[in-house]
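File shown: model_9.txt. Contents: compact mmCIF, C-alpha atoms.
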# COMPACT_ATOMS: atom_id res chain seq x y z
CA MET A 875 100.46 65.38 133.73
CA GLY A 876 99.19 68.56 132.06
CA ILE A 877 100.73 70.33 129.05
CA LEU A 878 102.34 73.05 131.20
CA GLU A 879 104.05 70.41 133.36
CA LYS A 880 105.26 68.56 130.25
CA ILE A 881 106.67 71.80 128.79
CA ALA A 882 108.45 72.63 132.07
CA GLU A 883 109.90 69.10 132.25
CA ILE A 884 111.23 69.23 128.67
CA GLU A 885 112.72 72.72 129.19
CA LYS A 886 114.48 71.44 132.33
CA GLU A 887 115.80 68.42 130.42
CA ILE A 888 117.13 70.67 127.60
CA SER A 889 118.83 73.03 130.06
CA ARG A 890 120.72 70.23 131.85
CA THR A 891 121.73 68.35 128.66
CA GLN A 892 125.20 69.17 127.37
CA LYS A 893 125.36 70.23 123.74
CA ASN A 894 127.74 68.01 121.78
CA LYS A 895 127.79 65.57 118.87
CA ALA A 896 126.54 62.68 120.99
CA THR A 897 123.45 64.53 122.30
CA GLU A 898 122.35 66.41 119.15
CA TYR A 899 119.72 63.81 118.22
CA HIS A 900 118.32 63.73 121.75
CA LEU A 901 118.14 67.56 121.85
CA GLY A 902 116.51 67.65 118.41
CA LEU A 903 113.76 65.29 119.59
CA LEU A 904 113.21 67.29 122.77
CA LYS A 905 112.88 70.54 120.79
CA ALA A 906 110.37 68.91 118.41
CA LYS A 907 108.28 67.70 121.38
CA LEU A 908 108.50 71.15 122.99
CA ALA A 909 107.26 72.88 119.82
CA LYS A 910 104.39 70.38 119.56
CA TYR A 911 103.25 70.92 123.16
CA ARG A 912 103.48 74.71 122.79
CA ALA A 913 101.31 74.54 119.66
CA GLN A 914 98.72 72.52 121.63
CA LEU A 915 98.82 75.12 124.41
CA LEU A 916 97.98 77.93 121.96
CA GLU A 917 95.00 76.10 120.47
CA PRO A 918 91.66 77.54 121.66
CA SER A 919 89.90 75.52 124.32
CA LYS A 920 87.12 73.28 122.96
CA SER A 921 85.16 73.39 126.20
CA ALA A 922 82.25 75.80 126.19
CA GLY A 923 82.65 78.86 128.33
CA VAL A 924 81.92 82.56 128.59
CA LYS A 925 83.23 84.33 125.51
CA GLY A 926 85.71 87.03 126.51
CA GLU A 927 86.22 90.42 124.93
CA GLY A 928 88.75 90.41 122.09
CA PHE A 929 91.57 92.91 121.72
CA ASP A 930 91.82 93.07 117.95
CA VAL A 931 90.76 96.19 116.04
CA MET A 932 90.14 96.61 112.34
CA LYS A 933 93.34 97.08 110.37
CA SER A 934 93.50 100.52 108.76
CA GLY A 935 96.06 102.86 107.23
CA ASP A 936 99.20 101.87 105.33
CA ALA A 937 100.85 99.77 108.04
CA ARG A 938 100.25 98.44 111.54
CA VAL A 939 102.68 98.76 114.47
CA ALA A 940 102.16 96.97 117.80
CA LEU A 941 103.47 98.34 121.11
CA ILE A 942 104.55 95.49 123.38
CA GLY A 943 106.07 95.78 126.82
CA PHE A 944 105.73 95.16 130.52
CA PRO A 945 103.32 97.33 132.55
CA SER A 946 104.35 100.93 133.30
CA VAL A 947 107.14 101.29 130.73
CA GLY A 948 105.55 104.26 128.92
CA LYS A 949 103.49 102.70 126.11
CA SER A 950 100.38 104.83 126.71
CA THR A 951 102.44 108.02 127.08
CA PHE A 952 104.22 107.20 123.80
CA LEU A 953 100.88 106.67 122.01
CA SER A 954 99.54 109.99 123.30
CA LEU A 955 102.71 111.83 122.17
CA MET A 956 102.86 110.30 118.68
CA THR A 957 99.15 110.33 117.81
CA SER A 958 96.07 112.41 118.52
CA THR A 959 94.65 109.58 120.62
CA ALA A 960 94.64 110.10 124.38
CA SER A 961 95.51 106.85 126.14
CA GLU A 962 95.18 106.84 129.92
CA ALA A 963 98.59 106.93 131.62
CA ALA A 964 99.24 106.61 135.34
CA SER A 965 101.98 105.61 137.76
CA TYR A 966 100.35 102.27 138.61
CA GLU A 967 100.55 99.05 136.59
CA PHE A 968 97.90 97.77 134.14
CA THR A 969 96.46 101.22 133.41
CA THR A 970 95.63 100.01 129.88
CA LEU A 971 93.28 97.00 129.93
CA THR A 972 92.35 96.75 126.24
CA CYS A 973 93.83 97.54 122.80
CA ILE A 974 93.83 101.28 122.05
CA PRO A 975 94.52 102.30 118.41
CA GLY A 976 96.03 105.56 117.21
CA VAL A 977 97.30 106.89 113.87
CA ILE A 978 100.75 108.36 113.16
CA GLU A 979 100.79 110.64 110.09
CA TYR A 980 104.31 110.59 108.66
CA LYS A 981 105.59 111.32 105.12
CA GLY A 982 102.09 111.06 103.71
CA ALA A 983 101.44 107.64 105.26
CA ASN A 984 98.94 106.70 107.95
CA ILE A 985 100.58 104.25 110.36
CA GLN A 986 98.23 102.50 112.77
CA LEU A 987 99.78 102.28 116.26
CA LEU A 988 98.28 99.82 118.75
CA ASP A 989 98.77 100.35 122.48
CA LEU A 990 98.44 96.84 123.92
CA PRO A 991 98.01 96.01 127.62
CA GLY A 992 101.23 95.26 129.49
CA ILE A 993 102.21 91.59 129.44
CA ILE A 994 103.85 89.69 132.27
CA GLU A 995 106.18 86.71 132.50
CA GLY A 996 104.21 83.61 131.52
CA ALA A 997 102.04 85.49 129.00
CA ALA A 998 102.51 82.71 126.44
CA GLN A 999 100.73 80.33 128.85
CA GLY A 1000 97.80 82.77 129.12
CA LYS A 1001 98.76 84.75 132.25
CA GLY A 1002 97.42 88.31 132.36
CA ARG A 1003 95.47 87.89 129.07
CA GLY A 1004 98.84 87.43 127.42
CA ARG A 1005 97.47 85.24 124.63
CA GLN A 1006 95.14 87.97 123.35
CA VAL A 1007 97.96 90.53 123.41
CA ILE A 1008 100.34 88.24 121.53
CA ALA A 1009 97.63 87.29 119.01
CA VAL A 1010 97.21 90.96 118.06
CA ALA A 1011 100.99 91.39 117.83
CA ARG A 1012 101.12 88.60 115.22
CA THR A 1013 99.01 90.75 112.86
CA ALA A 1014 101.40 93.74 112.97
CA ASP A 1015 103.95 94.73 110.31
CA VAL A 1016 106.48 95.89 112.92
CA VAL A 1017 106.71 95.35 116.67
CA ILE A 1018 107.94 98.14 118.95
CA MET A 1019 109.20 96.54 122.15
CA MET A 1020 108.99 99.28 124.77
CA LEU A 1021 111.53 98.72 127.54
CA ASP A 1022 112.40 100.47 130.79
CA ALA A 1023 116.01 101.69 130.47
CA THR A 1024 116.44 101.56 134.24
CA LYS A 1025 115.91 97.76 134.19
CA GLY A 1026 118.79 97.03 131.78
CA ASP A 1027 118.39 94.03 129.45
CA VAL A 1028 116.23 91.92 131.80
CA GLN A 1029 112.89 92.93 130.25
CA ARG A 1030 114.18 92.46 126.71
CA GLU A 1031 115.30 88.87 127.37
CA LEU A 1032 112.02 87.93 129.06
CA LEU A 1033 109.85 89.41 126.29
CA GLU A 1034 111.93 87.79 123.54
CA LYS A 1035 111.49 84.43 125.29
CA GLU A 1036 107.70 84.90 125.54
CA LEU A 1037 107.33 85.87 121.87
CA GLU A 1038 109.69 83.10 120.72
CA SER A 1039 107.59 80.49 122.53
CA VAL A 1040 104.44 81.48 120.61
CA GLY A 1041 106.07 81.42 117.18
CA ILE A 1042 106.99 85.09 116.68
CA ARG A 1043 110.51 85.39 115.27
CA LEU A 1044 111.95 88.88 115.68
CA ASN A 1045 114.42 90.38 113.18
CA ARG A 1046 114.86 87.04 111.45
CA ARG A 1047 113.94 85.83 108.00
CA LYS A 1048 112.18 82.61 107.07
CA PRO A 1049 114.62 79.65 106.74
CA ASN A 1050 115.38 78.75 103.14
CA ILE A 1051 114.21 75.14 103.42
CA TYR A 1052 111.92 73.41 100.92
CA PHE A 1053 109.56 71.01 102.69
CA LYS A 1054 106.67 69.09 101.15
CA PRO A 1055 104.86 66.12 102.73
CA LYS A 1056 104.03 63.27 100.32
CA LYS A 1057 101.66 60.32 100.34
CA GLY A 1058 104.39 57.75 99.73
CA GLY A 1059 107.99 57.20 98.66
CA GLY A 1060 109.70 57.70 102.02
CA LEU A 1061 112.02 60.61 102.82
CA SER A 1062 113.81 62.46 100.02
CA TYR A 1063 116.59 64.48 101.68
CA ASN A 1064 119.07 66.81 99.97
CA SER A 1065 121.02 70.03 100.47
CA THR A 1066 122.68 72.58 98.21
CA VAL A 1067 125.16 73.71 100.91
CA PRO A 1068 127.31 71.86 103.49
CA LEU A 1069 125.26 71.36 106.70
CA THR A 1070 126.92 71.66 110.11
CA GLN A 1071 123.84 71.60 112.38
CA CYS A 1072 121.44 69.11 110.79
CA SER A 1073 121.92 65.60 109.42
CA GLU A 1074 119.62 63.23 107.55
CA LYS A 1075 119.15 61.08 110.67
CA LEU A 1076 118.18 64.11 112.80
CA VAL A 1077 115.74 65.35 110.13
CA GLN A 1078 114.16 61.89 110.01
CA LEU A 1079 113.80 61.71 113.80
CA ILE A 1080 112.14 65.16 113.94
CA LEU A 1081 109.72 64.22 111.13
CA HIS A 1082 108.82 60.95 112.88
CA GLU A 1083 107.95 62.94 116.02
CA TYR A 1084 105.33 64.75 113.89
CA LYS A 1085 104.14 61.42 112.40
CA ILE A 1086 105.54 62.38 108.98
CA PHE A 1087 107.20 59.44 107.19
CA ASN A 1088 107.00 60.56 103.55
CA ALA A 1089 108.32 63.98 102.59
CA GLU A 1090 110.67 65.93 100.36
CA VAL A 1091 113.25 68.08 102.18
CA LEU A 1092 115.80 70.40 100.58
CA PHE A 1093 118.12 72.63 102.61
CA ARG A 1094 119.24 75.71 100.67
CA GLU A 1095 121.18 77.13 103.64
CA ASP A 1096 122.86 75.86 106.81
CA CYS A 1097 119.94 75.83 109.28
CA SER A 1098 119.52 74.64 112.85
CA PRO A 1099 117.05 71.96 114.04
CA ASP A 1100 114.91 74.81 115.47
CA ASP A 1101 114.65 76.38 112.00
CA PHE A 1102 113.60 73.04 110.49
CA ILE A 1103 110.93 72.57 113.19
CA ASP A 1104 109.61 76.07 112.38
CA VAL A 1105 109.26 75.08 108.72
CA ILE A 1106 107.38 71.86 109.63
CA VAL A 1107 104.97 73.67 111.98
CA GLY A 1108 104.41 76.37 109.35
CA ASN A 1109 102.64 78.97 111.53
CA ARG A 1110 105.66 81.07 112.48
CA VAL A 1111 105.58 84.83 111.96
CA TYR A 1112 108.79 86.63 110.96
CA MET A 1113 108.68 90.36 111.61
CA PRO A 1114 111.03 93.29 112.25
CA CYS A 1115 111.27 94.55 115.82
CA LEU A 1116 112.52 97.88 117.17
CA TYR A 1117 113.74 97.82 120.78
CA VAL A 1118 112.86 101.20 122.31
CA TYR A 1119 114.43 102.05 125.68
CA ASN A 1120 112.32 104.64 127.47
CA LYS A 1121 113.23 106.74 130.57
CA VAL A 1122 116.86 107.29 129.50
CA ASP A 1123 116.80 110.57 131.47
CA GLN A 1124 117.00 108.43 134.64
CA ILE A 1125 120.25 106.57 133.81
CA SER A 1126 123.89 107.51 133.29
CA ILE A 1127 125.22 108.73 129.93
CA GLU A 1128 127.48 105.65 129.73
CA GLU A 1129 124.47 103.35 130.03
CA VAL A 1130 122.57 105.39 127.42
CA ASP A 1131 125.52 105.01 125.05
CA ARG A 1132 125.65 101.24 125.65
CA LEU A 1133 121.93 100.77 124.99
CA ALA A 1134 121.95 103.01 121.89
CA ARG A 1135 124.75 100.95 120.31
CA GLN A 1136 122.86 97.67 120.57
CA PRO A 1137 121.43 96.38 117.25
CA ASN A 1138 117.86 97.39 116.37
CA SER A 1139 117.70 99.71 119.40
CA VAL A 1140 116.61 103.32 119.97
CA VAL A 1141 116.81 105.29 123.23
CA ILE A 1142 114.08 107.84 124.05
CA SER A 1143 112.47 109.69 126.92
CA CYS A 1144 108.71 110.20 126.68
CA GLY A 1145 108.75 112.38 129.81
CA MET A 1146 111.26 114.85 128.30
CA LYS A 1147 110.29 114.17 124.63
CA LEU A 1148 113.84 113.17 123.68
CA ASN A 1149 114.82 111.43 120.39
CA LEU A 1150 111.23 110.86 119.20
CA ASP A 1151 112.00 112.21 115.71
CA TYR A 1152 114.82 109.69 115.24
CA LEU A 1153 112.50 106.90 116.40
CA LEU A 1154 109.99 107.88 113.69
CA GLU A 1155 112.74 107.77 111.06
CA MET A 1156 113.81 104.31 112.22
CA LEU A 1157 110.20 103.11 112.24
CA TRP A 1158 109.74 104.33 108.65
CA GLU A 1159 112.90 102.45 107.65
CA TYR A 1160 111.74 99.21 109.31
CA LEU A 1161 108.29 99.44 107.69
CA ALA A 1162 110.00 99.79 104.28
CA LEU A 1163 107.18 101.96 102.95
CA ILE A 1164 107.52 104.00 99.77
CA CYS A 1165 105.43 106.92 98.47
CA ILE A 1166 103.95 106.56 94.99
CA TYR A 1167 102.41 109.60 93.28
CA THR A 1168 99.70 109.29 90.62
CA LYS A 1169 99.83 111.25 87.36
CA LYS A 1170 97.39 114.13 86.90
CA ARG A 1171 95.34 114.41 83.75
CA GLY A 1172 93.18 117.46 83.26
CA GLY A 1173 93.26 118.15 86.99
CA ILE A 1174 91.85 114.68 87.83
CA LEU A 1175 94.04 112.12 89.56
CA PHE A 1176 94.57 108.81 87.83
CA ILE A 1177 94.10 106.40 90.72
CA PHE A 1178 96.15 103.39 89.72
CA PHE A 1179 99.05 100.96 90.07
CA GLN A 1180 101.13 98.46 91.92
CA PHE A 1181 98.90 98.88 94.83
CA CYS A 1182 96.23 97.89 92.30
CA HIS A 1183 94.48 95.56 94.71
CA ARG A 1184 94.59 98.19 97.41
CA ILE A 1185 92.97 100.82 95.23
CA HIS A 1186 90.41 98.40 93.78
CA ARG A 1187 90.38 94.61 93.80
CA THR A 1188 89.48 94.39 90.08
CA LEU A 1189 92.21 96.79 88.91
CA ALA A 1190 94.97 94.16 88.64
CA SER A 1191 92.85 92.03 86.27
CA GLN A 1192 92.09 95.11 84.09
CA PHE A 1193 95.72 96.28 84.03
CA LYS A 1194 97.20 96.79 80.53
CA TYR A 1195 100.43 98.72 81.15
CA ALA A 1196 101.78 101.60 83.21
CA LEU A 1197 103.96 104.66 82.57
CA VAL A 1198 106.46 105.42 85.32
CA TRP A 1199 108.56 108.54 86.02
CA GLY A 1200 111.26 108.25 88.67
CA THR A 1201 114.42 106.52 89.88
CA SER A 1202 113.13 102.98 89.25
CA THR A 1203 113.23 103.46 85.46
CA LYS A 1204 116.04 103.80 82.91
CA TYR A 1205 114.26 106.69 81.20
CA SER A 1206 111.15 108.78 81.89
CA PRO A 1207 108.45 107.85 81.22
CA GLN A 1208 109.06 104.11 80.87
CA ARG A 1209 106.35 101.62 79.97
CA VAL A 1210 106.30 98.81 82.54
CA GLY A 1211 104.28 95.74 83.53
CA LEU A 1212 102.81 94.48 86.79
CA THR A 1213 106.11 92.98 87.99
CA HIS A 1214 107.97 96.33 87.94
CA ILE A 1215 109.37 97.26 91.37
CA MET A 1216 108.63 100.85 92.33
CA GLU A 1217 110.95 103.13 94.30
CA HIS A 1218 110.33 106.00 96.70
CA GLU A 1219 108.53 109.04 95.20
CA ASP A 1220 107.97 107.50 91.75
CA VAL A 1221 105.09 108.90 89.66
CA ILE A 1222 102.80 106.44 87.88
CA GLN A 1223 100.01 106.40 85.33
CA ILE A 1224 98.13 103.15 84.69
CA VAL A 1225 96.28 102.28 81.51
CA LYS A 1226 93.44 99.76 81.74
CA LYS A 1227 92.40 97.27 79.07
Once you've parsed the file, please lay out its structure as structure tokens.
Amino acid sequence: MGILEKIAEIEKEISRTQKNKATEYHLGLLKAKLAKYRAQLLEPSKSAGVKGEGFDVMKSGDARVALIGFPSVGKSTFLSLMTSTASEAASYEFTTLTCIPGVIEYKGANIQLLDLPGIIEGAAQGKGRGRQVIAVARTADVVIMMLDATKGDVQRELLEKELESVGIRLNRRKPNIYFKPKKGGGLSYNSTVPLTQCSEKLVQLILHEYKIFNAEVLFREDCSPDDFIDVIVGNRVYMPCLYVYNKVDQISIEEVDRLARQPNSVVISCGMKLNLDYLLEMLWEYLALICIYTKKRGGILFIFFQFCHRIHRTLASQFKYALVWGTSTKYSPQRVGLTHIMEHEDVIQIVKK
């Protein structure tokens, strides 16, 4: 039996098992096995073969945004509208066959926008070059999930399932669980909060499935068995996602209102250029970027600060102190250290050793 058949069998077993106190250990074991098989599926094949063309492009600008969606939902049209890059758009599916980068210039920042080929159901198993598309999406700071408003929530559910199965967690934060494998001493289990979803026995069973018999586990919040499995595997990516419903000019105003009120959602029309400005504002908010201005001295810019490593990799080691003007300080200028948190539109001057 191949890995795909094993995954399908476990998913079928999970779907027909009732969720109650008596079956929680059985479900926990099934989920651990499922995560293990999916990880094996994503590993590159060891057999020699013809090397295919990769999708990834060099990361540039201040942030990277990946456009993910099914074929013919408007990703290429959106890229052409928002950037100076012309991406081929047509009425047939799979117009885009490789990764096409563009740059959005907004509030002084350069945001790299990647138009990825449309993915299909089963992309996580490699259908339609889905693995390459998802691999590029893992390197992004924000994912824009482009959806066809005329299809309702069907596309959203399918895409979320595909990304979830390859370890991409959308609009979620990393579970607050301390986990450290040890060489001996057995299992040390503790929690700082009452747990309603995990027990010591379930944690032990999941660890045994991964051949881990000695470890230190501390729950700092009430987490599910899925969250604990994510912590054990350790290769999960947690990133913000903006659900963008395109083609809203083709549906009723009641349906537009319903979609717009969903969390993390924006409704637009690339064909009629509707609501694109609001989408840019939301994207800026999700990227959580701030503008930092450098202090002039004799007409020459002092190129320094917090983004020390970004400006020059040796700058952080030569940092002595900085003077900051802006809302992040109690008075202006204030002398600060490397740990000072900057705010939007602060002005900074850095002094080296």
*CA of Arg1046 (chain A) to CA of Leu1148 (chain A), distance in Å rounded to a single decimal*: 28.9 Å
*Which residue of A:Val947, A:Arg1030, A:Tyr1160, A:Leu987 approaches Thr959 (chain A) most closely, using all atoms listed in the file*: A:Leu987
_Using Å and a single decimal, report how far CA of Ser934 (chain A) sits from CA of Ser946 (chain A)._
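Interatomic distance here is 26.8 Å.
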*A:Thr951, A:Gln892, A:Ser958, A:Asn1045 ranked by distance to Pro1137 (chain A), top pick (using all atoms listed in the file)*: A:Asn1045
*Nearest to Gly876 (chain A), chosen from A:Arg912, A:Lys1227, A:Leu1197, A:Gln1029, with only C-alpha atoms counted in the distances*: A:Arg912
*asked:* Taking all atoms listed in the file into account, name the residue in A:Ile1222, A:Ala909, A:Ile1051, A:Ile1125 that is nearest to Glu1038 (chain A).
replied: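 Comparing A:Ile1222, A:Ala909, A:Ile1051, A:Ile1125 against Glu1038 (chain A), the winner is A:Ala909.
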*Neighbour list for Ala983 (chain A) as JSON, numbers by chain, cut-off 8 Å, only C-alpha atoms, skip fewer than 6 positions in-chain*: {"A": [935, 936, 1165]}
Please produce an output containing C-alpha atoms for each residue in the selection, written as a PDB file, in the frame of the given file.
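Final output, result-v7.pdb:
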ATOM      1  CA  GLY A 935      96.060 102.860 107.230  1.00  0.00           C
ATOM      2  CA  ASP A 936      99.200 101.870 105.330  1.00  0.00           C
ATOM      3  CA  CYS A1165     105.430 106.920  98.470  1.00  0.00           C
TER       4      CYS A1165
END
*What is the CA of Glu1036 (chain A) to CA of Leu1133 (chain A) distance in Å?*
21.3 Å
_Sphere at (103.8, 91.3, 119.6), radius 12 Å, counting all atoms listed in the file: residues as a ChimeraX atom specification_ = /A:938-944,988-993,997-998,1004-1020,1033-1044,1111-1117
*Would you mind telling me which residue in A:Ala913, A:Leu955, A:Val1221, A:Leu1212 lies nearest to Val1198 (chain A) when using only C-alpha atoms?*
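Under the stated criterion, the closest residue is A:Val1221.
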_Residue nearest Gln1136 (chain A) among A:Gly1026, A:Leu903, A:Gly1059, A:Tyr911 (counting all atoms listed in the file)_ = A:Gly1026
Region 1097-1105 of chain A surroundings by all atoms listed in the file, 9 Å radius, close-in-sequence under 6 positions cut, as an mmCIF file with C-alpha atoms, in the frame of the given file:
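Final output, part_38.cif:
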data_model
loop_
_atom_site.group_PDB
_atom_site.id
_atom_site.type_symbol
_atom_site.label_atom_id
_atom_site.label_comp_id
_atom_site.auth_asym_id
_atom_site.auth_seq_id
_atom_site.Cartn_x
_atom_site.Cartn_y
_atom_site.Cartn_z
ATOM 1 C CA GLY A 902 116.510 67.650 118.410
ATOM 2 C CA LYS A 905 112.880 70.540 120.790
ATOM 3 C CA ALA A 906 110.370 68.910 118.410
ATOM 4 C CA ALA A 909 107.260 72.880 119.820
ATOM 5 C CA GLY A 1041 106.070 81.420 117.180
ATOM 6 C CA LYS A 1048 112.180 82.610 107.070
ATOM 7 C CA PRO A 1049 114.620 79.650 106.740
ATOM 8 C CA ASN A 1050 115.380 78.750 103.140
ATOM 9 C CA ILE A 1051 114.210 75.140 103.420
ATOM 10 C CA TYR A 1052 111.920 73.410 100.920
ATOM 11 C CA PHE A 1053 109.560 71.010 102.690
ATOM 12 C CA LEU A 1069 125.260 71.360 106.700
ATOM 13 C CA THR A 1070 126.920 71.660 110.110
ATOM 14 C CA GLN A 1071 123.840 71.600 112.380
ATOM 15 C CA CYS A 1072 121.440 69.110 110.790
ATOM 16 C CA LEU A 1076 118.180 64.110 112.800
ATOM 17 C CA VAL A 1077 115.740 65.350 110.130
ATOM 18 C CA ILE A 1080 112.140 65.160 113.940
ATOM 19 C CA LEU A 1081 109.720 64.220 111.130
#
